[in-house]
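Enquirer: One structure, pasted below without further comment.
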Amino acid sequence: MKVIETITEMQQISNEQRKSGKSIALIPTMGYLHDGHCSLIRHGKVLADVVITTHFVNPTQFAPNEDFEKYPRDFERDCTLAESNGTDYLFHPSVSEMYPNDFNTEIKVSGISDKFEGKTRPAHFKGVATVVSKLLNATVPDFALFGQKDYQQYLVIKQMVSDLNFPVNIILHPTKREEDGLAMSSRNVYLSDEERMNATILFRALSRAKATIINGELNRQKINSIMADMLITIPGVKIDYASAAEANTLEEPENFNSGQSIVLLIACRLGKTRLIDNMVVNSK
Ligand code: AMP
């Protein structure tokens, strides 16, 4: 595995790979890799000849009061994991390489960005869309892989890629979970032992709402209440949202139709840690 630090070198390498007939898969990450990231890397290797994993904690997707400074970092360990799971090139630019002083562009995907995460974190998806377009232009991949863990992010990127005609296939990869159901996340390291035990409530609330939909419930408020009622059994939990929405558009009808694809989305805080998770379910 080769570590690349500049956009120019990354572009040269991916050009050469394409010219020699190789296909490329891009895996954007902010590092502190866990098996969720590694499963994306492994799937990238199945899809394409060359895997480029990016390792960049993107400051523009964090609000000033968020955890950019203390976001967990361990570059040496990440290099070992990225390489052993099949990364050929690890793109690891500095902040000034990505955002020189005269940087002056933002990409805003309207509509899909404005709900749920976008409401709680207003500048977040602008930062994500802008950095992902830069990463796509630095690597020009055939495939870019995103985890279902960040389901709304996947929808935002799909919309942007379609609107701006990026020549790339966006692939959604399932969420990797711990044995007790907690979705793997770099931020799980922030949880105290007690919070870690309580954190399974997201998976349990999603699972119960999913079962209720499979049993025929189509009323959105009722589905939302099932999730909220379970979450508030945890002392001190703060719910940002616990909502069912149409899976492709995130629209929120009063009642879903039968046979509709529904996404259940949760974001909540346990102590100082903000956790998100989701499940997609087809109504009966
Ligand atoms: P992050 O480093 O948190 O920005 O995540 C980088 C990529 O890994 C994103 O596409 C995430 O959706 C994906 N990812 C994060 N956690 C998981 C997980 N538990 N399972 C699958 N993919 C994940």
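Naming scheme: A, B, ... for chains in displayed order of the structure tokens; residues 1 onward per chain; ligands 1 onward as shown.
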Could you tell me, counting only C-alpha atoms and all ligand atoms, which protein and nucleic acid residues lie no more than 8 Å from ligand 1, written as a JSON list (two decimals) with all heavy atoms, in the first residue's frame?
Expert:
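Contents of result.json, as written:
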```
[["chain", "number", "residue", "atom", "x", "y", "z"],
["A", 27, "ILE", "N", -13.04, 4.47, -1.31],
["A", 27, "ILE", "CA", -13.68, 4.34, 0.00],
["A", 27, "ILE", "C", -13.33, 5.58, 0.82],
["A", 27, "ILE", "O", -12.24, 5.64, 1.42],
["A", 27, "ILE", "CB", -13.16, 3.09, 0.78],
["A", 27, "ILE", "CG1", -12.84, 1.90, -0.12],
["A", 27, "ILE", "CG2", -14.07, 2.74, 1.95],
["A", 27, "ILE", "CD1", -14.02, 1.21, -0.71],
["A", 28, "PRO", "N", -14.22, 6.56, 0.88],
["A", 28, "PRO", "CA", -13.91, 7.74, 1.71],
["A", 28, "PRO", "C", -14.10, 7.44, 3.19],
["A", 28, "PRO", "O", -15.15, 6.90, 3.58],
["A", 28, "PRO", "CB", -14.93, 8.80, 1.24],
["A", 28, "PRO", "CG", -15.55, 8.26, -0.01],
["A", 28, "PRO", "CD", -15.46, 6.76, 0.11],
["A", 29, "THR", "N", -13.11, 7.78, 4.02],
["A", 29, "THR", "CA", -13.25, 7.61, 5.47],
["A", 29, "THR", "C", -12.60, 8.80, 6.20],
["A", 29, "THR", "O", -11.78, 9.52, 5.62],
["A", 29, "THR", "CB", -12.56, 6.34, 6.02],
["A", 29, "THR", "OG1", -11.17, 6.61, 6.24],
["A", 29, "THR", "CG2", -12.71, 5.15, 5.09],
["A", 30, "MET", "N", -12.95, 8.92, 7.46],
["A", 30, "MET", "CA", -12.28, 9.89, 8.32],
["A", 30, "MET", "C", -11.30, 9.18, 9.25],
["A", 30, "MET", "O", -10.87, 9.75, 10.26],
["A", 30, "MET", "CB", -13.30, 10.70, 9.13],
["A", 30, "MET", "CG", -14.20, 11.53, 8.22],
["A", 30, "MET", "SD", -14.92, 12.95, 9.05],
["A", 30, "MET", "CE", -15.87, 12.16, 10.33],
["A", 31, "GLY", "N", -10.97, 7.92, 8.93],
["A", 31, "GLY", "CA", -9.98, 7.21, 9.73],
["A", 31, "GLY", "C", -10.56, 6.65, 11.02],
["A", 31, "GLY", "O", -11.76, 6.57, 11.19],
["A", 32, "TYR", "N", -9.65, 6.25, 11.92],
["A", 32, "TYR", "CA", -9.97, 5.50, 13.13],
["A", 32, "TYR", "C", -10.81, 4.30, 12.72],
["A", 32, "TYR", "O", -11.94, 4.10, 13.16],
["A", 32, "TYR", "CB", -10.67, 6.37, 14.19],
["A", 32, "TYR", "CG", -10.33, 5.89, 15.59],
["A", 32, "TYR", "CD1", -9.03, 6.02, 16.07],
["A", 32, "TYR", "CD2", -11.27, 5.26, 16.39],
["A", 32, "TYR", "CE1", -8.69, 5.56, 17.33],
["A", 32, "TYR", "CE2", -10.93, 4.79, 17.64],
["A", 32, "TYR", "CZ", -9.64, 4.94, 18.10],
["A", 32, "TYR", "OH", -9.30, 4.46, 19.35],
["A", 33, "LEU", "N", -10.20, 3.50, 11.85],
["A", 33, "LEU", "CA", -10.94, 2.45, 11.13],
["A", 33, "LEU", "C", -11.43, 1.35, 12.06],
["A", 33, "LEU", "O", -10.74, 0.94, 13.00],
["A", 33, "LEU", "CB", -10.05, 1.85, 10.04],
["A", 33, "LEU", "CG", -9.51, 2.83, 8.99],
["A", 33, "LEU", "CD1", -8.68, 2.06, 7.94],
["A", 33, "LEU", "CD2", -10.61, 3.62, 8.32],
["A", 34, "HIS", "N", -12.63, 0.87, 11.75],
["A", 34, "HIS", "CA", -13.20, -0.30, 12.43],
["A", 34, "HIS", "C", -13.68, -1.26, 11.34],
["A", 34, "HIS", "O", -13.51, -0.98, 10.14],
["A", 34, "HIS", "CB", -14.32, 0.11, 13.38],
["A", 34, "HIS", "CG", -15.35, 1.00, 12.75],
["A", 34, "HIS", "ND1", -16.18, 0.57, 11.74],
["A", 34, "HIS", "CD2", -15.66, 2.30, 12.96],
["A", 34, "HIS", "CE1", -16.97, 1.56, 11.38],
["A", 34, "HIS", "NE2", -16.67, 2.63, 12.09],
["A", 35, "ASP", "N", -14.31, -2.35, 11.75],
["A", 35, "ASP", "CA", -14.64, -3.36, 10.74],
["A", 35, "ASP", "C", -15.73, -2.90, 9.76],
["A", 35, "ASP", "O", -15.87, -3.48, 8.69],
["A", 35, "ASP", "CB", -15.00, -4.70, 11.38],
["A", 35, "ASP", "CG", -14.76, -5.84, 10.39],
["A", 35, "ASP", "OD1", -13.66, -5.85, 9.76],
["A", 35, "ASP", "OD2", -15.66, -6.67, 10.18],
["A", 36, "GLY", "N", -16.50, -1.84, 10.13],
["A", 36, "GLY", "CA", -17.43, -1.26, 9.16],
["A", 36, "GLY", "C", -16.67, -0.69, 7.98],
["A", 36, "GLY", "O", -16.96, -0.99, 6.81],
["A", 37, "HIS", "N", -15.66, 0.13, 8.28],
["A", 37, "HIS", "CA", -14.81, 0.67, 7.20],
["A", 37, "HIS", "C", -14.14, -0.46, 6.43],
["A", 37, "HIS", "O", -14.09, -0.45, 5.20],
["A", 37, "HIS", "CB", -13.69, 1.55, 7.78],
["A", 37, "HIS", "CG", -14.13, 2.75, 8.54],
["A", 37, "HIS", "ND1", -13.93, 2.89, 9.89],
["A", 37, "HIS", "CD2", -14.74, 3.89, 8.14],
["A", 37, "HIS", "CE1", -14.39, 4.07, 10.29],
["A", 37, "HIS", "NE2", -14.90, 4.69, 9.26],
["A", 39, "SER", "N", -15.02, -3.50, 6.00],
["A", 39, "SER", "CA", -15.93, -4.26, 5.12],
["A", 39, "SER", "C", -16.15, -3.50, 3.81],
["A", 39, "SER", "O", -16.30, -4.11, 2.75],
["A", 39, "SER", "CB", -17.25, -4.58, 5.82],
["A", 39, "SER", "OG", -18.02, -3.41, 6.00],
["A", 40, "LEU", "N", -16.15, -2.16, 3.87],
["A", 40, "LEU", "CA", -16.25, -1.38, 2.63],
["A", 40, "LEU", "C", -15.01, -1.58, 1.77],
["A", 40, "LEU", "O", -15.10, -1.74, 0.54],
["A", 40, "LEU", "CB", -16.39, 0.12, 2.95],
["A", 40, "LEU", "CG", -17.67, 0.64, 3.60],
["A", 40, "LEU", "CD1", -17.52, 2.10, 3.97],
["A", 40, "LEU", "CD2", -18.84, 0.47, 2.69],
["A", 55, "HIS", "N", -8.36, 8.99, 3.78],
["A", 55, "HIS", "CA", -8.23, 9.11, 5.23],
["A", 55, "HIS", "C", -8.07, 10.59, 5.51],
["A", 55, "HIS", "O", -7.00, 11.16, 5.39],
["A", 55, "HIS", "CB", -6.96, 8.33, 5.64],
["A", 55, "HIS", "CG", -6.77, 8.20, 7.10],
["A", 55, "HIS", "ND1", -6.43, 9.25, 7.92],
["A", 55, "HIS", "CD2", -6.85, 7.11, 7.91],
["A", 55, "HIS", "CE1", -6.31, 8.82, 9.17],
["A", 55, "HIS", "NE2", -6.56, 7.53, 9.18],
["A", 57, "VAL", "N", -9.94, 13.66, 8.07],
["A", 57, "VAL", "CA", -10.95, 14.19, 8.99],
["A", 57, "VAL", "C", -11.31, 15.57, 8.47],
["A", 57, "VAL", "O", -10.50, 16.51, 8.55],
["A", 57, "VAL", "CB", -10.43, 14.25, 10.45],
["A", 57, "VAL", "CG1", -11.57, 14.65, 11.39],
["A", 57, "VAL", "CG2", -9.86, 12.90, 10.88],
["A", 145, "LEU", "N", -17.88, 3.73, -2.50],
["A", 145, "LEU", "CA", -18.68, 2.94, -1.55],
["A", 145, "LEU", "C", -18.99, 3.74, -0.29],
["A", 145, "LEU", "O", -18.09, 4.39, 0.27],
["A", 145, "LEU", "CB", -17.93, 1.66, -1.17],
["A", 145, "LEU", "CG", -17.88, 0.57, -2.23],
["A", 145, "LEU", "CD1", -16.85, 0.87, -3.30],
["A", 145, "LEU", "CD2", -17.58, -0.78, -1.61],
["A", 146, "PHE", "N", -20.23, 3.67, 0.12],
["A", 146, "PHE", "CA", -20.69, 4.37, 1.32],
["A", 146, "PHE", "C", -21.46, 3.40, 2.20],
["A", 146, "PHE", "O", -22.17, 2.52, 1.71],
["A", 146, "PHE", "CB", -21.57, 5.57, 0.94],
["A", 146, "PHE", "CG", -20.79, 6.65, 0.22],
["A", 146, "PHE", "CD1", -20.62, 6.58, -1.16],
["A", 146, "PHE", "CD2", -20.17, 7.66, 0.92],
["A", 146, "PHE", "CE1", -19.86, 7.54, -1.83],
["A", 146, "PHE", "CE2", -19.41, 8.63, 0.27],
["A", 146, "PHE", "CZ", -19.25, 8.56, -1.11],
["A", 147, "GLY", "N", -21.35, 3.58, 3.52],
["A", 147, "GLY", "CA", -22.01, 2.68, 4.46],
["A", 147, "GLY", "C", -23.45, 3.09, 4.70],
["A", 147, "GLY", "O", -23.76, 4.29, 4.76],
["A", 148, "GLN", "N", -24.29, 2.10, 4.89],
["A", 148, "GLN", "CA", -25.69, 2.39, 5.23],
["A", 148, "GLN", "C", -25.80, 3.09, 6.58],
["A", 148, "GLN", "O", -26.76, 3.80, 6.85],
["A", 148, "GLN", "CB", -26.54, 1.11, 5.23],
["A", 148, "GLN", "CG", -28.03, 1.44, 5.38],
["A", 148, "GLN", "CD", -28.91, 0.24, 5.51],
["A", 148, "GLN", "OE1", -28.63, -0.80, 4.92],
["A", 148, "GLN", "NE2", -29.97, 0.38, 6.29],
["A", 149, "LYS", "N", -24.80, 2.91, 7.42],
["A", 149, "LYS", "CA", -24.77, 3.58, 8.72],
["A", 149, "LYS", "C", -25.13, 5.06, 8.59],
["A", 149, "LYS", "O", -25.80, 5.63, 9.43],
["A", 149, "LYS", "CB", -23.37, 3.38, 9.31],
["A", 149, "LYS", "CG", -22.98, 4.26, 10.46],
["A", 149, "LYS", "CD", -23.61, 3.76, 11.73],
["A", 149, "LYS", "CE", -23.10, 4.47, 12.96],
["A", 149, "LYS", "NZ", -22.70, 5.83, 12.83],
["A", 150, "ASP", "N", -24.61, 5.69, 7.51],
["A", 150, "ASP", "CA", -24.90, 7.11, 7.25],
["A", 150, "ASP", "C", -25.85, 7.18, 6.06],
["A", 150, "ASP", "O", -25.47, 7.62, 4.97],
["A", 150, "ASP", "CB", -23.60, 7.86, 6.99],
["A", 150, "ASP", "CG", -22.66, 7.78, 8.17],
["A", 150, "ASP", "OD1", -22.84, 8.55, 9.12],
["A", 150, "ASP", "OD2", -21.77, 6.90, 8.17],
["A", 151, "TYR", "N", -27.06, 6.71, 6.28],
["A", 151, "TYR", "CA", -27.99, 6.50, 5.16],
["A", 151, "TYR", "C", -28.33, 7.81, 4.44],
["A", 151, "TYR", "O", -28.33, 7.88, 3.21],
["A", 151, "TYR", "CB", -29.28, 5.85, 5.69],
["A", 151, "TYR", "CG", -30.25, 5.51, 4.58],
["A", 151, "TYR", "CD1", -30.04, 4.38, 3.79],
["A", 151, "TYR", "CD2", -31.34, 6.33, 4.31],
["A", 151, "TYR", "CE1", -30.91, 4.08, 2.75],
["A", 151, "TYR", "CE2", -32.21, 6.02, 3.28],
["A", 151, "TYR", "CZ", -31.99, 4.90, 2.51],
["A", 151, "TYR", "OH", -32.85, 4.60, 1.48],
["A", 153, "GLN", "N", -26.54, 10.47, 4.26],
["A", 153, "GLN", "CA", -25.35, 10.88, 3.52],
["A", 153, "GLN", "C", -25.32, 10.19, 2.15],
["A", 153, "GLN", "O", -25.02, 10.81, 1.13],
["A", 153, "GLN", "CB", -24.11, 10.53, 4.33],
["A", 153, "GLN", "CG", -22.81, 10.57, 3.57],
["A", 153, "GLN", "CD", -21.62, 10.34, 4.47],
["A", 153, "GLN", "OE1", -21.19, 11.25, 5.18],
["A", 153, "GLN", "NE2", -21.07, 9.15, 4.46],
["A", 154, "TYR", "N", -25.63, 8.91, 2.14],
["A", 154, "TYR", "CA", -25.67, 8.16, 0.88],
["A", 154, "TYR", "C", -26.68, 8.80, -0.09],
["A", 154, "TYR", "O", -26.38, 8.99, -1.28],
["A", 154, "TYR", "CB", -26.01, 6.70, 1.19],
["A", 154, "TYR", "CG", -26.63, 5.92, 0.05],
["A", 154, "TYR", "CD1", -25.84, 5.48, -1.02],
["A", 154, "TYR", "CD2", -27.99, 5.62, 0.04],
["A", 154, "TYR", "CE1", -26.42, 4.77, -2.07],
["A", 154, "TYR", "CE2", -28.56, 4.91, -1.00],
["A", 154, "TYR", "CZ", -27.77, 4.49, -2.04],
["A", 154, "TYR", "OH", -28.34, 3.80, -3.08],
["A", 173, "HIS", "N", -23.34, 0.03, 1.16],
["A", 173, "HIS", "CA", -22.87, -1.21, 1.80],
["A", 173, "HIS", "C", -23.51, -1.34, 3.18],
["A", 173, "HIS", "O", -23.61, -0.35, 3.91],
["A", 173, "HIS", "CB", -21.34, -1.16, 1.90],
["A", 173, "HIS", "CG", -20.75, -2.49, 2.20],
["A", 173, "HIS", "ND1", -20.74, -3.52, 1.28],
["A", 173, "HIS", "CD2", -20.16, -2.98, 3.31],
["A", 173, "HIS", "CE1", -20.17, -4.58, 1.83],
["A", 173, "HIS", "NE2", -19.81, -4.28, 3.06],
["A", 174, "PRO", "N", -23.96, -2.56, 3.55],
["A", 174, "PRO", "CA", -24.70, -2.72, 4.82],
["A", 174, "PRO", "C", -23.91, -2.30, 6.06],
["A", 174, "PRO", "O", -22.68, -2.36, 6.08],
["A", 174, "PRO", "CB", -25.01, -4.22, 4.88],
["A", 174, "PRO", "CG", -24.65, -4.79, 3.57],
["A", 174, "PRO", "CD", -23.80, -3.82, 2.83],
["A", 175, "THR", "N", -24.64, -1.94, 7.09],
["A", 175, "THR", "CA", -24.04, -1.53, 8.37],
["A", 175, "THR", "C", -23.46, -2.74, 9.10],
["A", 175, "THR", "O", -24.12, -3.75, 9.26],
["A", 175, "THR", "CB", -25.11, -0.87, 9.26],
["A", 175, "THR", "OG1", -25.66, 0.23, 8.55],
["A", 175, "THR", "CG2", -24.53, -0.42, 10.59],
["A", 176, "LYS", "N", -22.21, -2.62, 9.53],
["A", 176, "LYS", "CA", -21.58, -3.65, 10.37],
["A", 176, "LYS", "C", -21.90, -3.35, 11.83],
["A", 176, "LYS", "O", -21.76, -2.19, 12.26],
["A", 176, "LYS", "CB", -20.06, -3.59, 10.20],
["A", 176, "LYS", "CG", -19.55, -4.54, 9.17],
["A", 176, "LYS", "CD", -19.10, -5.84, 9.82],
["A", 176, "LYS", "CE", -18.72, -6.84, 8.76],
["A", 176, "LYS", "NZ", -18.43, -8.15, 9.34],
["A", 177, "ARG", "N", -22.30, -4.38, 12.55],
["A", 177, "ARG", "CA", -22.71, -4.19, 13.94],
["A", 177, "ARG", "C", -21.86, -5.01, 14.89],
["A", 177, "ARG", "O", -21.32, -6.05, 14.50],
["A", 177, "ARG", "CB", -24.18, -4.60, 14.10],
["A", 177, "ARG", "CG", -25.11, -3.79, 13.24],
["A", 177, "ARG", "CD", -26.58, -4.16, 13.39],
["A", 177, "ARG", "NE", -27.37, -3.28, 12.54],
["A", 177, "ARG", "CZ", -27.71, -2.04, 12.86],
["A", 177, "ARG", "NH1", -27.37, -1.56, 14.04],
["A", 177, "ARG", "NH2", -28.38, -1.28, 12.02],
["A", 183, "ALA", "N", -24.31, -0.38, 16.11],
["A", 183, "ALA", "CA", -23.60, -0.12, 14.84],
["A", 183, "ALA", "C", -22.18, 0.33, 15.15],
["A", 183, "ALA", "O", -21.96, 1.18, 16.02],
["A", 183, "ALA", "CB", -24.34, 0.98, 14.07],
["A", 184, "MET", "N", -21.20, -0.26, 14.46],
["A", 184, "MET", "CA", -19.81, 0.16, 14.67],
["A", 184, "MET", "C", -19.65, 1.61, 14.27],
["A", 184, "MET", "O", -20.24, 2.05, 13.28],
["A", 184, "MET", "CB", -18.87, -0.71, 13.85],
["A", 184, "MET", "CG", -18.80, -2.12, 14.35],
["A", 184, "MET", "SD", -17.63, -3.08, 13.38],
["A", 184, "MET", "CE", -17.85, -4.67, 14.16],
["A", 185, "SER", "N", -18.88, 2.35, 15.05],
["A", 185, "SER", "CA", -18.65, 3.77, 14.77],
["A", 185, "SER", "C", -17.36, 4.19, 15.45],
["A", 185, "SER", "O", -17.06, 3.73, 16.56],
["A", 185, "SER", "CB", -19.81, 4.60, 15.32],
["A", 185, "SER", "OG", -19.44, 5.96, 15.37],
["A", 186, "SER", "N", -16.61, 5.06, 14.79],
["A", 186, "SER", "CA", -15.38, 5.57, 15.41],
["A", 186, "SER", "C", -15.72, 6.27, 16.72],
["A", 186, "SER", "O", -14.91, 6.31, 17.65],
["A", 186, "SER", "CB", -14.69, 6.57, 14.48],
["A", 186, "SER", "OG", -14.49, 5.99, 13.22]]
```
Enquirer: Could you give me, as JSON lines, every range 187-214 of chain A residue with an atom at most 10 Å from range 233-256 of chain A, plus its closest atom pair and distance in Å to one decimal, counting only C-alpha atoms, rows ordered by chain then number?
Expert:
```
{"residue": "A:Glu195", "atom": "CA", "partner": "A:Ile234", "partner_atom": "CA", "distance": 9.4}
{"residue": "A:Asn198", "atom": "CA", "partner": "A:Ile234", "partner_atom": "CA", "distance": 6.7}
{"residue": "A:Ala199", "atom": "CA", "partner": "A:Ile234", "partner_atom": "CA", "distance": 8.9}
{"residue": "A:Ile201", "atom": "CA", "partner": "A:Ile234", "partner_atom": "CA", "distance": 7.8}
{"residue": "A:Leu202", "atom": "CA", "partner": "A:Ala242", "partner_atom": "CA", "distance": 9.4}
{"residue": "A:Ala205", "atom": "CA", "partner": "A:Ala242", "partner_atom": "CA", "distance": 9.1}
{"residue": "A:Leu206", "atom": "CA", "partner": "A:Ala242", "partner_atom": "CA", "distance": 9.0}
{"residue": "A:Ala209", "atom": "CA", "partner": "A:Ala244", "partner_atom": "CA", "distance": 9.0}
{"residue": "A:Lys210", "atom": "CA", "partner": "A:Ala244", "partner_atom": "CA", "distance": 9.8}
{"residue": "A:Ile213", "atom": "CA", "partner": "A:Phe256", "partner_atom": "CA", "distance": 9.7}
```
Enquirer: Taking 3 positions as the minimum chain separation for residues in the same chain, which residues sit within 12 Å of range 64-77 of chain A when counting only C-alpha atoms? Answer as an MDAnalysis selection string.
Expert: chainID A and resid 3 29:34 54:61 80:84 90:92 120:124 185:190 272:274
Enquirer: Go ahead and dump the residues you just picked, N, CA and C atoms, as a tab-separated table (two decimals), in the first residue's frame.
Expert:
```tsv
chain	number	residue	atom	x	y	z
A	3	VAL	N	1.03	5.41	0.54
A	3	VAL	CA	0.33	6.57	1.11
A	3	VAL	C	0.59	7.78	0.21
A	29	THR	N	-13.11	7.78	4.02
A	29	THR	CA	-13.25	7.61	5.47
A	29	THR	C	-12.60	8.80	6.20
A	30	MET	N	-12.95	8.92	7.46
A	30	MET	CA	-12.28	9.89	8.32
A	30	MET	C	-11.30	9.18	9.25
A	31	GLY	N	-10.97	7.92	8.93
A	31	GLY	CA	-9.98	7.21	9.73
A	31	GLY	C	-10.56	6.65	11.02
A	32	TYR	N	-9.65	6.25	11.92
A	32	TYR	CA	-9.97	5.50	13.13
A	32	TYR	C	-10.81	4.30	12.72
A	33	LEU	N	-10.20	3.50	11.85
A	33	LEU	CA	-10.94	2.45	11.13
A	33	LEU	C	-11.43	1.35	12.06
A	34	HIS	N	-12.63	0.87	11.75
A	34	HIS	CA	-13.20	-0.30	12.43
A	34	HIS	C	-13.68	-1.26	11.34
A	54	THR	N	-9.61	6.78	1.32
A	54	THR	CA	-9.17	8.11	1.71
A	54	THR	C	-9.30	8.25	3.22
A	55	HIS	N	-8.36	8.99	3.78
A	55	HIS	CA	-8.23	9.11	5.23
A	55	HIS	C	-8.07	10.59	5.51
A	56	PHE	N	-9.21	11.24	5.82
A	56	PHE	CA	-9.18	12.70	5.98
A	56	PHE	C	-10.29	13.11	6.93
A	57	VAL	N	-9.94	13.66	8.07
A	57	VAL	CA	-10.95	14.19	8.99
A	57	VAL	C	-11.31	15.57	8.47
A	58	ASN	N	-12.48	15.67	7.88
A	58	ASN	CA	-12.85	16.85	7.11
A	58	ASN	C	-13.42	17.95	8.02
A	59	PRO	N	-12.66	19.03	8.23
A	59	PRO	CA	-13.13	20.03	9.21
A	59	PRO	C	-14.44	20.69	8.82
A	60	THR	N	-14.73	20.78	7.52
A	60	THR	CA	-15.89	21.58	7.10
A	60	THR	C	-17.22	20.87	7.35
A	61	GLN	N	-17.19	19.58	7.74
A	61	GLN	CA	-18.46	18.93	8.04
A	61	GLN	C	-18.75	18.90	9.55
A	80	THR	N	-2.19	-0.05	8.91
A	80	THR	CA	-2.13	-1.51	8.98
A	80	THR	C	-3.48	-2.10	8.56
A	81	LEU	N	-4.57	-1.56	9.09
A	81	LEU	CA	-5.90	-2.10	8.78
A	81	LEU	C	-6.27	-1.88	7.32
A	82	ALA	N	-5.98	-0.68	6.83
A	82	ALA	CA	-6.32	-0.37	5.43
A	82	ALA	C	-5.59	-1.33	4.50
A	83	GLU	N	-4.30	-1.54	4.76
A	83	GLU	CA	-3.50	-2.41	3.89
A	83	GLU	C	-3.95	-3.86	3.99
A	84	SER	N	-4.16	-4.35	5.23
A	84	SER	CA	-4.48	-5.77	5.37
A	84	SER	C	-5.87	-6.10	4.82
A	90	LEU	N	-3.60	4.74	-0.03
A	90	LEU	CA	-4.28	5.45	1.05
A	90	LEU	C	-4.06	6.94	0.80
A	91	PHE	N	-5.12	7.64	0.45
A	91	PHE	CA	-5.01	9.08	0.18
A	91	PHE	C	-5.19	9.82	1.49
A	92	HIS	N	-4.13	10.52	1.91
A	92	HIS	CA	-4.11	11.12	3.25
A	92	HIS	C	-3.63	12.58	3.13
A	120	THR	N	-30.44	19.09	12.36
A	120	THR	CA	-29.66	19.14	13.61
A	120	THR	C	-28.26	19.71	13.37
A	121	ARG	N	-27.72	19.43	12.17
A	121	ARG	CA	-26.34	19.85	11.87
A	121	ARG	C	-26.38	20.62	10.54
A	122	PRO	N	-26.77	21.91	10.58
A	122	PRO	CA	-27.12	22.64	9.35
A	122	PRO	C	-26.01	22.70	8.27
A	123	ALA	N	-24.73	22.77	8.66
A	123	ALA	CA	-23.69	22.90	7.63
A	123	ALA	C	-23.09	21.56	7.24
A	124	HIS	N	-23.53	20.49	7.91
A	124	HIS	CA	-22.87	19.20	7.79
A	124	HIS	C	-22.81	18.69	6.33
A	185	SER	N	-18.88	2.35	15.05
A	185	SER	CA	-18.65	3.77	14.77
A	185	SER	C	-17.36	4.19	15.45
A	186	SER	N	-16.61	5.06	14.79
A	186	SER	CA	-15.38	5.57	15.41
A	186	SER	C	-15.72	6.27	16.72
A	187	ARG	N	-16.92	6.83	16.82
A	187	ARG	CA	-17.30	7.60	18.01
A	187	ARG	C	-17.69	6.70	19.19
A	188	ASN	N	-17.85	5.38	18.97
A	188	ASN	CA	-18.22	4.51	20.10
A	188	ASN	C	-17.15	4.53	21.19
A	189	VAL	N	-15.94	4.91	20.81
A	189	VAL	CA	-14.84	4.95	21.79
A	189	VAL	C	-15.09	6.00	22.88
A	190	TYR	N	-15.95	6.98	22.58
A	190	TYR	CA	-16.26	8.01	23.57
A	190	TYR	C	-17.15	7.48	24.70
A	272	LYS	N	-22.27	12.73	26.37
A	272	LYS	CA	-21.76	13.71	25.40
A	272	LYS	C	-21.66	13.12	23.99
A	273	THR	N	-22.00	11.84	23.85
A	273	THR	CA	-21.78	11.18	22.57
A	273	THR	C	-23.06	11.14	21.75
A	274	ARG	N	-22.94	11.57	20.49
A	274	ARG	CA	-24.10	11.54	19.60
A	274	ARG	C	-24.00	10.29	18.73
```
Enquirer: Can you list, as a VMD selection string, every protein, DNA or RNA residue that comes within 12 Å of Val168 in chain A when you count only C-alpha atoms, leaving out same-chain residues fewer than 6 positions away?
Expert: chain A and resid 23 to 26 132 to 133 135 to 137 139 to 145 157 to 158 160 to 162
Enquirer: Please give the complete set of residues from range 126-178 of chain A that DSSP, run on the backbone, assigns to strand (DSSP E), formatted as an MDAnalysis selection string.
Expert: chainID A and resid 143:147 169:173
Enquirer: Could you tell me how far CA of Gly44 in chain A lies from CA of Met1 in chain A, in Å and to one decimal?
Expert: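 If I compute the distance from CA of Gly44 in chain A to CA of Met1 in chain A, I get 14.7 Å.
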Enquirer: Report, in Å to a single decimal, how far apart CA of Asn224 in chain A and CA of Gly259 in chain A are.
Expert: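 Atom-to-atom, CA of Gly259 in chain A and CA of Asn224 in chain A are spaced 18.7 Å apart.
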